[in-house]
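Source file: my_file.pdb (PDB, C-alpha atoms)
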ATOM      1  CA  MET A   1     103.449 104.609  81.685
ATOM      2  CA  HIS A   2     103.759 106.147  78.263
ATOM      3  CA  MET A   3     105.004 109.203  76.390
ATOM      4  CA  ASP A   4     103.210 111.400  73.857
ATOM      5  CA  ILE A   5     104.957 113.919  71.631
ATOM      6  CA  VAL A   6     103.115 116.600  69.681
ATOM      7  CA  LEU A   7     104.980 117.414  66.466
ATOM      8  CA  GLY A   8     104.475 120.222  63.999
ATOM      9  CA  SER A   9     106.005 123.063  62.061
ATOM     10  CA  ALA A  10     103.298 125.677  62.529
ATOM     11  CA  PRO A  11     103.691 128.713  64.754
ATOM     12  CA  ALA A  12     101.119 127.139  67.082
ATOM     13  CA  VAL A  13     103.830 124.658  68.065
ATOM     14  CA  THR A  14     106.870 126.914  68.169
ATOM     15  CA  ASP A  15     105.004 129.740  69.908
ATOM     16  CA  VAL A  16     104.400 127.523  72.940
ATOM     17  CA  ILE A  17     108.139 127.024  73.386
ATOM     18  CA  LEU A  18     109.039 130.611  72.532
ATOM     19  CA  GLY A  19     106.452 131.623  75.114
ATOM     20  CA  VAL A  20     108.287 129.575  77.707
ATOM     21  CA  LEU A  21     111.453 131.458  76.832
ATOM     22  CA  ARG A  22     109.643 134.774  77.104
ATOM     23  CA  SER A  23     108.219 133.883  80.516
ATOM     24  CA  LEU A  24     111.603 132.688  81.742
ATOM     25  CA  LEU A  25     113.615 135.635  80.426
ATOM     26  CA  PRO A  26     113.812 137.538  83.734
ATOM     27  CA  LEU A  27     115.062 134.430  85.513
ATOM     28  CA  ALA A  28     117.398 133.507  82.657
ATOM     29  CA  GLU A  29     119.010 136.917  82.877
ATOM     30  CA  LYS A  30     119.150 136.720  86.659
ATOM     31  CA  GLU A  31     120.809 133.298  86.457
ATOM     32  CA  ARG A  32     123.133 134.567  83.720
ATOM     33  CA  VAL A  33     122.086 131.954  81.215
ATOM     34  CA  PRO A  34     123.814 132.836  77.913
ATOM     35  CA  LEU A  35     121.261 134.346  75.523
ATOM     36  CA  ALA A  36     123.349 136.435  73.159
ATOM     37  CA  ALA A  37     123.571 133.646  70.575
ATOM     38  CA  LEU A  38     119.807 133.876  70.108
ATOM     39  CA  GLY A  39     120.238 137.290  68.500
ATOM     40  CA  ASP A  40     117.447 139.869  68.416
ATOM     41  CA  LEU A  41     114.568 138.341  70.351
ATOM     42  CA  LYS A  42     112.119 140.534  68.421
ATOM     43  CA  THR A  43     112.892 138.598  65.242
ATOM     44  CA  LEU A  44     113.452 135.207  66.856
ATOM     45  CA  ARG A  45     109.994 133.866  65.966
ATOM     46  CA  GLU A  46     110.450 134.652  62.293
ATOM     47  CA  ARG A  47     113.978 133.216  62.190
ATOM     48  CA  ILE A  48     112.823 130.013  63.882
ATOM     49  CA  GLN A  49     110.044 129.601  61.354
ATOM     50  CA  ASP A  50     112.523 130.210  58.517
ATOM     51  CA  GLU A  51     114.886 127.596  59.946
ATOM     52  CA  ILE A  52     112.172 124.964  60.206
ATOM     53  CA  ALA A  53     110.880 125.722  56.710
ATOM     54  CA  ALA A  54     114.389 125.545  55.225
ATOM     55  CA  ALA A  55     114.951 122.145  56.827
ATOM     56  CA  ASN A  56     111.482 120.983  55.764
ATOM     57  CA  THR A  57     110.984 119.306  59.129
ATOM     58  CA  VAL A  58     108.979 119.428  62.324
ATOM     59  CA  VAL A  59     109.700 120.222  65.951
ATOM     60  CA  SER A  60     107.925 119.241  69.133
ATOM     61  CA  VAL A  61     106.558 120.744  72.284
ATOM     62  CA  ALA A  62     107.744 119.166  75.525
ATOM     63  CA  PRO A  63     106.862 115.444  75.482
ATOM     64  CA  LEU A  64     104.216 114.315  77.951
ATOM     65  CA  VAL A  65     104.883 111.343  80.211
ATOM     66  CA  SER A  66     101.702 109.869  81.695
ATOM     67  CA  VAL A  67     101.562 107.641  84.751
ATOM     68  CA  SER A  68      98.602 106.426  86.771
ATOM     69  CA  LEU A  69      98.069 104.209  89.760
ATOM     70  CA  ARG A  70      95.059 102.941  91.582
ATOM     71  CA  LYS A  71      94.550 102.700  95.318
ATOM     72  CA  ALA A  72      93.304  99.208  95.948
ATOM     73  CA  ALA A  73      90.406  98.412  98.233
ATOM     74  CA  LYS A  74      91.213  96.815 101.568
ATOM     75  CA  GLY A  75      90.303  93.228 101.811
TER      76      GLY A  75
ATOM     77  CA  MET B   1      88.279 115.904 107.379
ATOM     78  CA  ALA B   2      91.148 114.241 105.586
ATOM     79  CA  THR B   3      94.161 116.461 105.715
ATOM     80  CA  ALA B   4      97.360 115.936 103.818
ATOM     81  CA  THR B   5     100.420 117.839 104.878
ATOM     82  CA  THR B   6     103.978 117.618 103.741
ATOM     83  CA  SER B   7     107.218 119.300 104.535
ATOM     84  CA  SER B   8     108.233 119.559 100.895
ATOM     85  CA  ALA B   9     109.229 122.950  99.598
ATOM     86  CA  SER B  10     108.440 124.232  96.138
ATOM     87  CA  CYS B  11     110.761 126.085  93.811
ATOM     88  CA  GLY B  12     107.581 127.845  92.717
ATOM     89  CA  TYR B  13     106.049 128.231  89.307
ATOM     90  CA  VAL B  14     109.143 129.743  87.747
ATOM     91  CA  LEU B  15     107.349 130.799  84.570
ATOM     92  CA  GLY B  16     105.368 133.273  86.635
ATOM     93  CA  TYR B  17     101.743 134.331  86.774
ATOM     94  CA  THR B  18     101.622 137.114  84.189
ATOM     95  CA  SER B  19      98.765 137.479  81.730
ATOM     96  CA  THR B  20     101.237 136.603  78.975
ATOM     97  CA  GLU B  21     102.062 133.316  80.689
ATOM     98  CA  HIS B  22      98.367 132.634  81.259
ATOM     99  CA  GLU B  23      97.775 133.047  77.531
ATOM    100  CA  ARG B  24     100.681 130.747  76.742
ATOM    101  CA  LEU B  25      99.298 128.085  79.070
ATOM    102  CA  ILE B  26      95.961 128.272  77.286
ATOM    103  CA  ARG B  27      97.602 127.901  73.848
ATOM    104  CA  GLN B  28      99.672 124.989  75.118
ATOM    105  CA  ALA B  29      96.617 123.329  76.620
ATOM    106  CA  ALA B  30      94.791 123.529  73.314
ATOM    107  CA  LEU B  31      97.562 121.455  71.734
ATOM    108  CA  ILE B  32      97.665 118.708  74.343
ATOM    109  CA  ALA B  33      94.097 118.567  75.664
ATOM    110  CA  PRO B  34      93.181 115.468  73.594
ATOM    111  CA  ILE B  35      96.193 113.609  75.012
ATOM    112  CA  THR B  36      95.275 114.505  78.570
ATOM    113  CA  GLU B  37      91.604 113.589  78.189
ATOM    114  CA  ARG B  38      92.454 110.228  76.607
ATOM    115  CA  PHE B  39      94.897 109.504  79.411
ATOM    116  CA  PHE B  40      92.346 110.302  82.111
ATOM    117  CA  ARG B  41      89.855 107.898  80.546
ATOM    118  CA  GLN B  42      92.495 105.175  80.193
ATOM    119  CA  ALA B  43      93.435 105.674  83.844
ATOM    120  CA  GLY B  44      89.880 104.834  84.893
ATOM    121  CA  ILE B  45      88.360 108.235  85.475
ATOM    122  CA  GLY B  46      84.772 108.344  84.290
ATOM    123  CA  PRO B  47      81.290 109.856  84.520
ATOM    124  CA  GLY B  48      80.023 110.891  87.921
ATOM    125  CA  GLN B  49      83.383 110.883  89.653
ATOM    126  CA  ARG B  50      84.709 113.520  92.027
ATOM    127  CA  VAL B  51      88.217 114.625  91.061
ATOM    128  CA  LEU B  52      90.891 116.818  92.628
ATOM    129  CA  ASP B  53      93.131 118.776  90.228
ATOM    130  CA  LEU B  54      96.499 119.614  91.777
ATOM    131  CA  GLY B  55      97.871 123.010  90.757
ATOM    132  CA  SER B  56      94.926 123.906  88.556
ATOM    133  CA  GLY B  57      96.414 127.105  87.119
ATOM    134  CA  VAL B  58      94.060 128.789  84.660
ATOM    135  CA  GLY B  59      91.735 125.785  84.624
ATOM    136  CA  ASP B  60      92.585 123.764  81.530
ATOM    137  CA  VAL B  61      93.149 120.416  83.244
ATOM    138  CA  SER B  62      90.088 120.976  85.430
ATOM    139  CA  MET B  63      87.964 121.532  82.331
ATOM    140  CA  ALA B  64      89.521 118.526  80.610
ATOM    141  CA  VAL B  65      88.645 116.246  83.500
ATOM    142  CA  ALA B  66      85.217 117.901  83.789
ATOM    143  CA  ARG B  67      84.517 116.736  80.246
ATOM    144  CA  VAL B  68      85.486 113.217  81.329
ATOM    145  CA  VAL B  69      83.366 113.073  84.495
ATOM    146  CA  GLY B  70      80.415 114.810  82.841
ATOM    147  CA  PRO B  71      77.665 116.879  84.454
ATOM    148  CA  THR B  72      77.097 114.339  87.225
ATOM    149  CA  GLY B  73      80.725 114.528  88.306
ATOM    150  CA  GLU B  74      82.598 117.199  90.222
ATOM    151  CA  VAL B  75      86.036 118.784  89.881
ATOM    152  CA  VAL B  76      87.886 120.734  92.568
ATOM    153  CA  GLY B  77      90.994 122.605  91.499
ATOM    154  CA  ILE B  78      93.707 123.539  93.978
ATOM    155  CA  GLU B  79      95.833 126.544  93.068
ATOM    156  CA  ARG B  80      97.881 128.866  95.229
ATOM    157  CA  ASP B  81      97.786 131.888  92.905
ATOM    158  CA  SER B  82      94.546 133.809  93.335
ATOM    159  CA  ALA B  83      94.912 135.662  90.026
ATOM    160  CA  SER B  84      95.134 132.350  88.183
ATOM    161  CA  ILE B  85      92.019 131.170  89.998
ATOM    162  CA  ALA B  86      90.149 134.284  88.869
ATOM    163  CA  VAL B  87      91.081 133.545  85.275
ATOM    164  CA  ALA B  88      90.120 129.886  85.694
ATOM    165  CA  GLU B  89      86.742 130.735  87.219
ATOM    166  CA  ALA B  90      85.926 133.114  84.387
ATOM    167  CA  ARG B  91      86.897 130.543  81.771
ATOM    168  CA  VAL B  92      84.935 127.756  83.459
ATOM    169  CA  LYS B  93      81.854 129.968  83.608
ATOM    170  CA  ALA B  94      82.238 130.991  79.966
ATOM    171  CA  ALA B  95      82.585 127.336  78.983
ATOM    172  CA  GLY B  96      79.328 126.484  80.765
ATOM    173  CA  PHE B  97      80.661 124.156  83.445
ATOM    174  CA  HIS B  98      78.634 124.155  86.651
ATOM    175  CA  ASN B  99      80.533 121.424  88.482
ATOM    176  CA  VAL B 100      84.046 122.888  88.632
ATOM    177  CA  SER B 101      85.282 124.935  91.581
ATOM    178  CA  PHE B 102      88.650 126.202  92.720
ATOM    179  CA  GLU B 103      90.267 126.631  96.111
ATOM    180  CA  CYS B 104      93.239 128.834  96.874
ATOM    181  CA  ALA B 105      95.609 126.577  98.772
ATOM    182  CA  ASP B 106      99.147 125.274  98.784
ATOM    183  CA  LEU B 107      99.829 121.699  97.775
ATOM    184  CA  ASN B 108     101.747 121.322 101.001
ATOM    185  CA  GLU B 109      98.607 121.836 103.065
ATOM    186  CA  LEU B 110      95.706 120.057 101.469
ATOM    187  CA  GLY B 111      92.585 119.589 103.542
ATOM    188  CA  MET B 112      89.459 117.994 102.116
ATOM    189  CA  ASP B 113      86.104 117.022 103.630
ATOM    190  CA  LYS B 114      85.784 113.683 101.882
ATOM    191  CA  PRO B 115      88.022 111.493  99.737
ATOM    192  CA  PHE B 116      88.144 111.884  95.976
ATOM    193  CA  ASP B 117      87.608 109.269  93.302
ATOM    194  CA  ALA B 118      90.725 110.564  91.569
ATOM    195  CA  VAL B 119      93.549 113.047  91.866
ATOM    196  CA  VAL B 120      95.054 114.468  88.671
ATOM    197  CA  GLY B 121      97.837 116.892  87.834
ATOM    198  CA  ARG B 122      99.804 118.107  84.830
ATOM    199  CA  PHE B 123     103.203 119.828  84.918
ATOM    200  CA  ILE B 124     103.059 120.124  88.699
ATOM    201  CA  LEU B 125     105.647 117.858  90.271
ATOM    202  CA  MET B 126     108.442 119.364  88.160
ATOM    203  CA  PHE B 127     108.197 122.508  90.259
ATOM    204  CA  LEU B 128     108.336 120.717  93.615
ATOM    205  CA  ARG B 129     111.588 120.044  95.403
ATOM    206  CA  ASP B 130     110.214 116.841  96.961
ATOM    207  CA  PRO B 131     107.465 115.525  94.660
ATOM    208  CA  GLY B 132     107.439 112.174  96.437
ATOM    209  CA  SER B 133     106.375 113.827  99.647
ATOM    210  CA  VAL B 134     103.394 115.487  97.961
ATOM    211  CA  LEU B 135     102.459 112.225  96.260
ATOM    212  CA  ARG B 136     102.523 110.359  99.561
ATOM    213  CA  SER B 137     100.228 113.001 100.994
ATOM    214  CA  VAL B 138      97.672 112.933  98.206
ATOM    215  CA  VAL B 139      97.256 109.183  98.615
ATOM    216  CA  SER B 140      95.247 109.942 101.748
ATOM    217  CA  LEU B 141      92.883 112.109  99.701
ATOM    218  CA  VAL B 142      91.927 109.278  97.334
ATOM    219  CA  ARG B 143      89.277 106.714  98.218
ATOM    220  CA  GLU B 144      90.023 103.011  98.106
ATOM    221  CA  GLY B 145      89.861 102.000  94.469
ATOM    222  CA  GLY B 146      90.521 105.571  93.402
ATOM    223  CA  VAL B 147      93.024 106.799  90.836
ATOM    224  CA  ILE B 148      96.060 109.057  90.797
ATOM    225  CA  ALA B 149      96.842 110.202  87.248
ATOM    226  CA  LEU B 150      99.742 112.520  86.505
ATOM    227  CA  GLN B 151     101.381 113.976  83.418
ATOM    228  CA  GLU B 152     104.827 115.528  83.490
ATOM    229  CA  VAL B 153     107.338 116.573  80.841
ATOM    230  CA  SER B 154     110.578 115.106  79.618
ATOM    231  CA  TRP B 155     112.654 117.559  77.607
ATOM    232  CA  LEU B 156     115.347 115.104  76.486
ATOM    233  CA  PRO B 157     113.436 113.772  73.429
ATOM    234  CA  MET B 158     112.622 117.332  72.386
ATOM    235  CA  LEU B 159     116.281 118.328  72.630
ATOM    236  CA  ALA B 160     117.234 115.329  70.490
ATOM    237  CA  LEU B 161     114.544 116.043  67.891
ATOM    238  CA  GLY B 162     115.648 119.664  67.655
ATOM    239  CA  ALA B 163     119.352 118.963  67.385
ATOM    240  CA  GLN B 164     119.262 119.324  63.602
ATOM    241  CA  LEU B 165     118.133 122.945  63.894
ATOM    242  CA  PRO B 166     120.885 125.190  65.318
ATOM    243  CA  LEU B 167     118.766 128.185  66.343
ATOM    244  CA  TRP B 168     115.928 126.079  67.690
ATOM    245  CA  SER B 169     118.467 124.079  69.691
ATOM    246  CA  LEU B 170     119.834 127.265  71.198
ATOM    247  CA  VAL B 171     116.322 128.258  72.295
ATOM    248  CA  LEU B 172     115.679 124.865  73.861
ATOM    249  CA  GLY B 173     119.079 124.874  75.533
ATOM    250  CA  ALA B 174     118.521 128.285  77.077
ATOM    251  CA  ILE B 175     115.164 127.215  78.474
ATOM    252  CA  TYR B 176     116.504 123.903  79.755
ATOM    253  CA  GLU B 177     119.430 125.560  81.487
ATOM    254  CA  THR B 178     117.184 128.170  83.080
ATOM    255  CA  LEU B 179     114.787 125.532  84.371
ATOM    256  CA  LEU B 180     117.666 123.613  85.919
ATOM    257  CA  ARG B 181     119.206 126.689  87.531
ATOM    258  CA  THR B 182     115.896 127.731  89.080
ATOM    259  CA  GLY B 183     115.315 124.342  90.656
ATOM    260  CA  ALA B 184     112.652 123.023  88.279
ATOM    261  CA  ASN B 185     113.001 119.486  86.938
ATOM    262  CA  PRO B 186     112.559 119.291  83.146
ATOM    263  CA  GLU B 187     112.907 115.505  83.353
ATOM    264  CA  MET B 188     110.161 114.996  85.912
ATOM    265  CA  GLY B 189     108.320 112.791  83.424
ATOM    266  CA  LEU B 190     111.051 110.180  83.460
ATOM    267  CA  ASP B 191     111.537 110.653  87.200
ATOM    268  CA  LEU B 192     107.909 109.623  87.744
ATOM    269  CA  TYR B 193     109.127 106.028  87.552
ATOM    270  CA  ARG B 194     111.457 106.548  90.510
ATOM    271  CA  VAL B 195     108.945 108.592  92.500
ATOM    272  CA  PHE B 196     106.118 106.115  91.972
ATOM    273  CA  SER B 197     108.418 103.197  92.754
ATOM    274  CA  ARG B 198     109.165 104.692  96.146
ATOM    275  CA  LEU B 199     105.491 105.426  96.702
ATOM    276  CA  VAL B 200     104.538 101.820  96.036
ATOM    277  CA  CYS B 201     107.315 100.561  98.263
ATOM    278  CA  ARG B 202     105.912 102.664 101.083
ATOM    279  CA  HIS B 203     102.402 101.323 100.509
ATOM    280  CA  PRO B 204     103.039  97.761  99.307
ATOM    281  CA  LYS B 205      99.679  96.407 100.427
ATOM    282  CA  CYS B 206      97.332  99.227  99.519
ATOM    283  CA  ILE B 207      98.548 100.354  96.109
ATOM    284  CA  TRP B 208      98.700  98.743  92.742
ATOM    285  CA  THR B 209      99.560 100.568  89.592
ATOM    286  CA  SER B 210      98.034 100.254  86.182
ATOM    287  CA  PHE B 211     101.439 100.619  84.520
ATOM    288  CA  TRP B 212     103.170  98.267  86.869
ATOM    289  CA  GLU B 213     102.949  95.023  84.943
ATOM    290  CA  ALA B 214     105.644  96.212  82.565
ATOM    291  CA  LEU B 215     108.046  97.088  85.343
ATOM    292  CA  PRO B 216     110.551  94.726  86.969
ATOM    293  CA  LEU B 217     109.332  95.260  90.499
ATOM    294  CA  SER B 218     107.947  92.965  93.126
ATOM    295  CA  LEU B 219     105.265  94.090  95.525
ATOM    296  CA  THR B 220     105.617  91.161  97.888
TER     297      THR B 220
END

Show this structure as structure tokens.
Amino acid sequence: MHMDIVLGSAPAVTDVILGVLRSLLPLAEKERVPLAALGDLKTLRERIQDEIAAANTVVSVAPLVSVSLRKAAKG
Amino acid sequence: MATATTSSASCGYVLGYTSTEHERLIRQAALIAPITERFFRQAGIGPGQRVLDLGSGVGDVSMAVARVVGPTGEVVGIERDSASIAVAEARVKAAGFHNVSFECADLNELGMDKPFDAVVGRFILMFLRDPGSVLRSVVSLVREGGVIALQEVSWLPMLALGAQLPLWSLVLGAIYETLLRTGANPEMGLDLYRVFSRLVCRHPKCIWTSFWEALPLSLT
């Protein structure tokens, strides 16, 4: 059992997460999840990139946890 | 015919089946494909094997495992959304795979003609209300000596890593809260330990796990 985390600062990383937000927006609004603090969603991508660049850091996509098992032979 | 049925209900794929989501899945898969392929090989999946892909979506995991089993192997993807299957079939054809097929079916009602060498899945159990029930069912679809290899997410490390960035944290928090409210489990990755523990306890004499040596459990 182990965990892998992809890190990066490029839009290729942040776009995956922002895409999750975009896909979930109808449900977020239906469930009344507070979104106002995010500001204008049309400029969110650019503001996220600016924030990461200003901090000179990286972010991650959702970490992957991997688990395997094997079905043993009878005997 | 081996048939696996379960009474578990799904909260559904809450991110939806739009073309925009399909494109996002493909971009995401491009980032993590090397991790998934390495994991499949480490789990014991190899050339010539016949593999079942649970919740195959637009085909990325099926193609990843197809690269692992090679042209002599076979991959069957199970997906309940027919539009996703259409996208997957087109992508598989464009990529030149001739040993990958898809079936439109629900994970709760799996029926297969012969057992598989392996069952794989990525980001599937997190959308099931009773993932243990589905896991118990898929055991019957795997041959003796076969492999079950699953990848799920854990959002907690990502939330911690992003805590230094206020706006990014707000984005992550909104997603996390939405997932929770819609019944999805963003910590399914960590819950795999609990789910697999119960699975092994139910099959103490026919299952051993490749990760088990590090865990404080007895199979006696």

Do you have, as CSV, the list of residues of chain A lying at most 8 Å from chain B, each with its nearest atom pair and that distance in Å to one decimal, counting all atoms listed in the file and ordered by chain then number?
residue,atom,partner,partner_atom,distance
A:Met1,CA,B:Phe211,CA,5.3
A:Asp4,CA,B:Ile35,CA,7.4
A:Val6,CA,B:Ile32,CA,7.5
A:Ala12,CA,B:Arg27,CA,7.7
A:Val13,CA,B:Leu31,CA,7.9
A:Val16,CA,B:Gln28,CA,5.8
A:Ile17,CA,B:Leu172,CA,7.9
A:Leu18,CA,B:Val171,CA,7.7
A:Gly19,CA,B:Arg24,CA,6.1
A:Val20,CA,B:Leu15,CA,7.0
A:Leu21,CA,B:Ile175,CA,5.9
A:Ser23,CA,B:Leu15,CA,5.2
A:Leu24,CA,B:Leu15,CA,5.4
A:Leu27,CA,B:Thr178,CA,7.0
A:Ala28,CA,B:Thr178,CA,5.4
A:Glu31,CA,B:Arg181,CA,6.9
A:Val33,CA,B:Thr178,CA,6.5
A:Pro34,CA,B:Ala174,CA,7.0
A:Leu35,CA,B:Ala174,CA,6.8
A:Ala37,CA,B:Leu170,CA,7.4
A:Leu38,CA,B:Leu170,CA,6.7
A:Ile48,CA,B:Trp168,CA,6.3
A:Glu51,CA,B:Leu165,CA,6.9
A:Ile52,CA,B:Leu165,CA,7.3
A:Ala55,CA,B:Leu165,CA,7.8
A:Val59,CA,B:Gly162,CA,6.2
A:Ser60,CA,B:Met158,CA,6.0
A:Val61,CA,B:Met158,CA,7.0
A:Ala62,CA,B:Trp155,CA,5.6
A:Pro63,CA,B:Val153,CA,5.5
A:Leu64,CA,B:Val153,CA,4.8
A:Val65,CA,B:Gly189,CA,4.9
A:Ser66,CA,B:Gln151,CA,4.5
A:Val67,CA,B:Leu150,CA,5.5
A:Ser68,CA,B:Ala149,CA,4.2
A:Leu69,CA,B:Thr209,CA,3.9
A:Arg70,CA,B:Val147,CA,4.4
A:Lys71,CA,B:Ile207,CA,4.7
A:Ala72,CA,B:Gly145,CA,4.7
A:Ala73,CA,B:Glu144,CA,4.6
A:Lys74,CA,B:Cys206,CA,6.9

Q: Could you check how far CA of Gly59 in chain B sits from CA of Cys104 in chain B, in Å to one decimal?
A: 12.7 Å

Q: Run the PyMOL selection byres ((chain B and resi 74-89) around 10) against the file shown and list the residues it catches, as a ChimeraX atom specification.
A: /B:13,16-19,22,47-67,69-73,90-95,97-107,110,116-121

Q) So how many Å separate CA of Asn185 in chain B and CA of Gly132 in chain B, to one decimal? A)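 It comes out at 13.2 Å.
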
Q.
List as a ChimeraX atom specification the protein and nucleic acid residues near Ser9 in chain A, meaning an atom at most 8 Å away when only C-alpha atoms are counted, but skip any in the same chain fewer than 2 places from it.
A. /A:7,11,13-14,49,52-53,57-59

**Q.** CA of Arg129 in chain B to CA of Arg198 in chain B, straight-line distance in Å
**A.** 15.6 Å

With 8 Å on each side, where is the centre of the axis-aligned box around all listed atoms of range 140-153 of chain B, and how long are its edges in Å to one decimal, as AutoDock Vina command-line options?
--center_x 98.3 --center_y 109.3 --center_z 91.3 --size_x 34.1 --size_y 30.6 --size_z 36.9

Expected file for range 41-63 of chain A keeping N, CA and C atoms, as a PDB file, in the first residue's frame:
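Here's the written file part16.pdb:
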ATOM      1  N   LEU A  41     -15.328  33.409 -11.382  1.00  0.00           N
ATOM      2  CA  LEU A  41     -14.784  32.117 -11.828  1.00  0.00           C
ATOM      3  C   LEU A  41     -14.096  32.219 -13.188  1.00  0.00           C
ATOM      4  N   LYS A  42     -14.457  33.256 -13.961  1.00  0.00           N
ATOM      5  CA  LYS A  42     -13.834  33.418 -15.283  1.00  0.00           C
ATOM      6  C   LYS A  42     -12.349  33.784 -15.167  1.00  0.00           C
ATOM      7  N   THR A  43     -11.984  34.389 -14.051  1.00  0.00           N
ATOM      8  CA  THR A  43     -10.583  34.791 -13.871  1.00  0.00           C
ATOM      9  C   THR A  43      -9.867  33.932 -12.833  1.00  0.00           C
ATOM     10  N   LEU A  44     -10.553  32.895 -12.360  1.00  0.00           N
ATOM     11  CA  LEU A  44      -9.991  32.082 -11.277  1.00  0.00           C
ATOM     12  C   LEU A  44      -8.683  31.408 -11.694  1.00  0.00           C
ATOM     13  N   ARG A  45      -8.642  30.889 -12.909  1.00  0.00           N
ATOM     14  CA  ARG A  45      -7.432  30.192 -13.383  1.00  0.00           C
ATOM     15  C   ARG A  45      -6.219  31.112 -13.326  1.00  0.00           C
ATOM     16  N   GLU A  46      -6.396  32.321 -13.824  1.00  0.00           N
ATOM     17  CA  GLU A  46      -5.297  33.279 -13.860  1.00  0.00           C
ATOM     18  C   GLU A  46      -4.876  33.670 -12.443  1.00  0.00           C
ATOM     19  N   ARG A  47      -5.844  33.875 -11.564  1.00  0.00           N
ATOM     20  CA  ARG A  47      -5.518  34.278 -10.190  1.00  0.00           C
ATOM     21  C   ARG A  47      -4.815  33.154  -9.432  1.00  0.00           C
ATOM     22  N   ILE A  48      -5.217  31.920  -9.708  1.00  0.00           N
ATOM     23  CA  ILE A  48      -4.542  30.776  -9.082  1.00  0.00           C
ATOM     24  C   ILE A  48      -3.090  30.708  -9.535  1.00  0.00           C
ATOM     25  N   GLN A  49      -2.889  30.855 -10.825  1.00  0.00           N
ATOM     26  CA  GLN A  49      -1.521  30.827 -11.352  1.00  0.00           C
ATOM     27  C   GLN A  49      -0.674  31.953 -10.760  1.00  0.00           C
ATOM     28  N   ASP A  50      -1.280  33.135 -10.610  1.00  0.00           N
ATOM     29  CA  ASP A  50      -0.557  34.265 -10.006  1.00  0.00           C
ATOM     30  C   ASP A  50      -0.187  33.952  -8.555  1.00  0.00           C
ATOM     31  N   GLU A  51      -1.116  33.325  -7.836  1.00  0.00           N
ATOM     32  CA  GLU A  51      -0.861  33.012  -6.429  1.00  0.00           C
ATOM     33  C   GLU A  51       0.289  32.016  -6.287  1.00  0.00           C
ATOM     34  N   ILE A  52       0.294  31.017  -7.117  1.00  0.00           N
ATOM     35  CA  ILE A  52       1.353  30.002  -7.062  1.00  0.00           C
ATOM     36  C   ILE A  52       2.704  30.616  -7.442  1.00  0.00           C
ATOM     37  N   ALA A  53       2.690  31.450  -8.471  1.00  0.00           N
ATOM     38  CA  ALA A  53       3.936  32.091  -8.914  1.00  0.00           C
ATOM     39  C   ALA A  53       4.476  33.024  -7.834  1.00  0.00           C
ATOM     40  N   ALA A  54       3.585  33.769  -7.176  1.00  0.00           N
ATOM     41  CA  ALA A  54       4.017  34.704  -6.138  1.00  0.00           C
ATOM     42  C   ALA A  54       4.633  33.969  -4.954  1.00  0.00           C
ATOM     43  N   ALA A  55       4.106  32.787  -4.660  1.00  0.00           N
ATOM     44  CA  ALA A  55       4.623  31.998  -3.538  1.00  0.00           C
ATOM     45  C   ALA A  55       5.830  31.155  -3.951  1.00  0.00           C
ATOM     46  N   ASN A  56       6.092  31.109  -5.247  1.00  0.00           N
ATOM     47  CA  ASN A  56       7.209  30.319  -5.775  1.00  0.00           C
ATOM     48  C   ASN A  56       7.164  28.887  -5.234  1.00  0.00           C
ATOM     49  N   THR A  57       6.030  28.237  -5.415  1.00  0.00           N
ATOM     50  CA  THR A  57       5.837  26.908  -4.847  1.00  0.00           C
ATOM     51  C   THR A  57       5.098  26.001  -5.829  1.00  0.00           C
ATOM     52  N   VAL A  58       4.754  24.844  -5.373  1.00  0.00           N
ATOM     53  CA  VAL A  58       4.027  23.884  -6.197  1.00  0.00           C
ATOM     54  C   VAL A  58       2.755  23.451  -5.475  1.00  0.00           C
ATOM     55  N   VAL A  59       1.832  22.904  -6.258  1.00  0.00           N
ATOM     56  CA  VAL A  59       0.626  22.307  -5.693  1.00  0.00           C
ATOM     57  C   VAL A  59       0.528  20.878  -6.229  1.00  0.00           C
ATOM     58  N   SER A  60      -0.483  20.175  -5.779  1.00  0.00           N
ATOM     59  CA  SER A  60      -0.604  18.779  -6.219  1.00  0.00           C
ATOM     60  C   SER A  60      -1.982  18.518  -6.801  1.00  0.00           C
ATOM     61  N   VAL A  61      -2.078  17.445  -7.561  1.00  0.00           N
ATOM     62  CA  VAL A  61      -3.391  16.885  -7.862  1.00  0.00           C
ATOM     63  C   VAL A  61      -3.692  15.898  -6.743  1.00  0.00           C
ATOM     64  N   ALA A  62      -4.882  15.326  -6.742  1.00  0.00           N
ATOM     65  CA  ALA A  62      -5.272  14.445  -5.644  1.00  0.00           C
ATOM     66  C   ALA A  62      -4.316  13.257  -5.547  1.00  0.00           C
ATOM     67  N   PRO A  63      -3.708  13.041  -4.374  1.00  0.00           N
ATOM     68  CA  PRO A  63      -2.786  11.922  -4.199  1.00  0.00           C
ATOM     69  C   PRO A  63      -3.442  10.568  -4.472  1.00  0.00           C
TER      70      PRO A  63
END
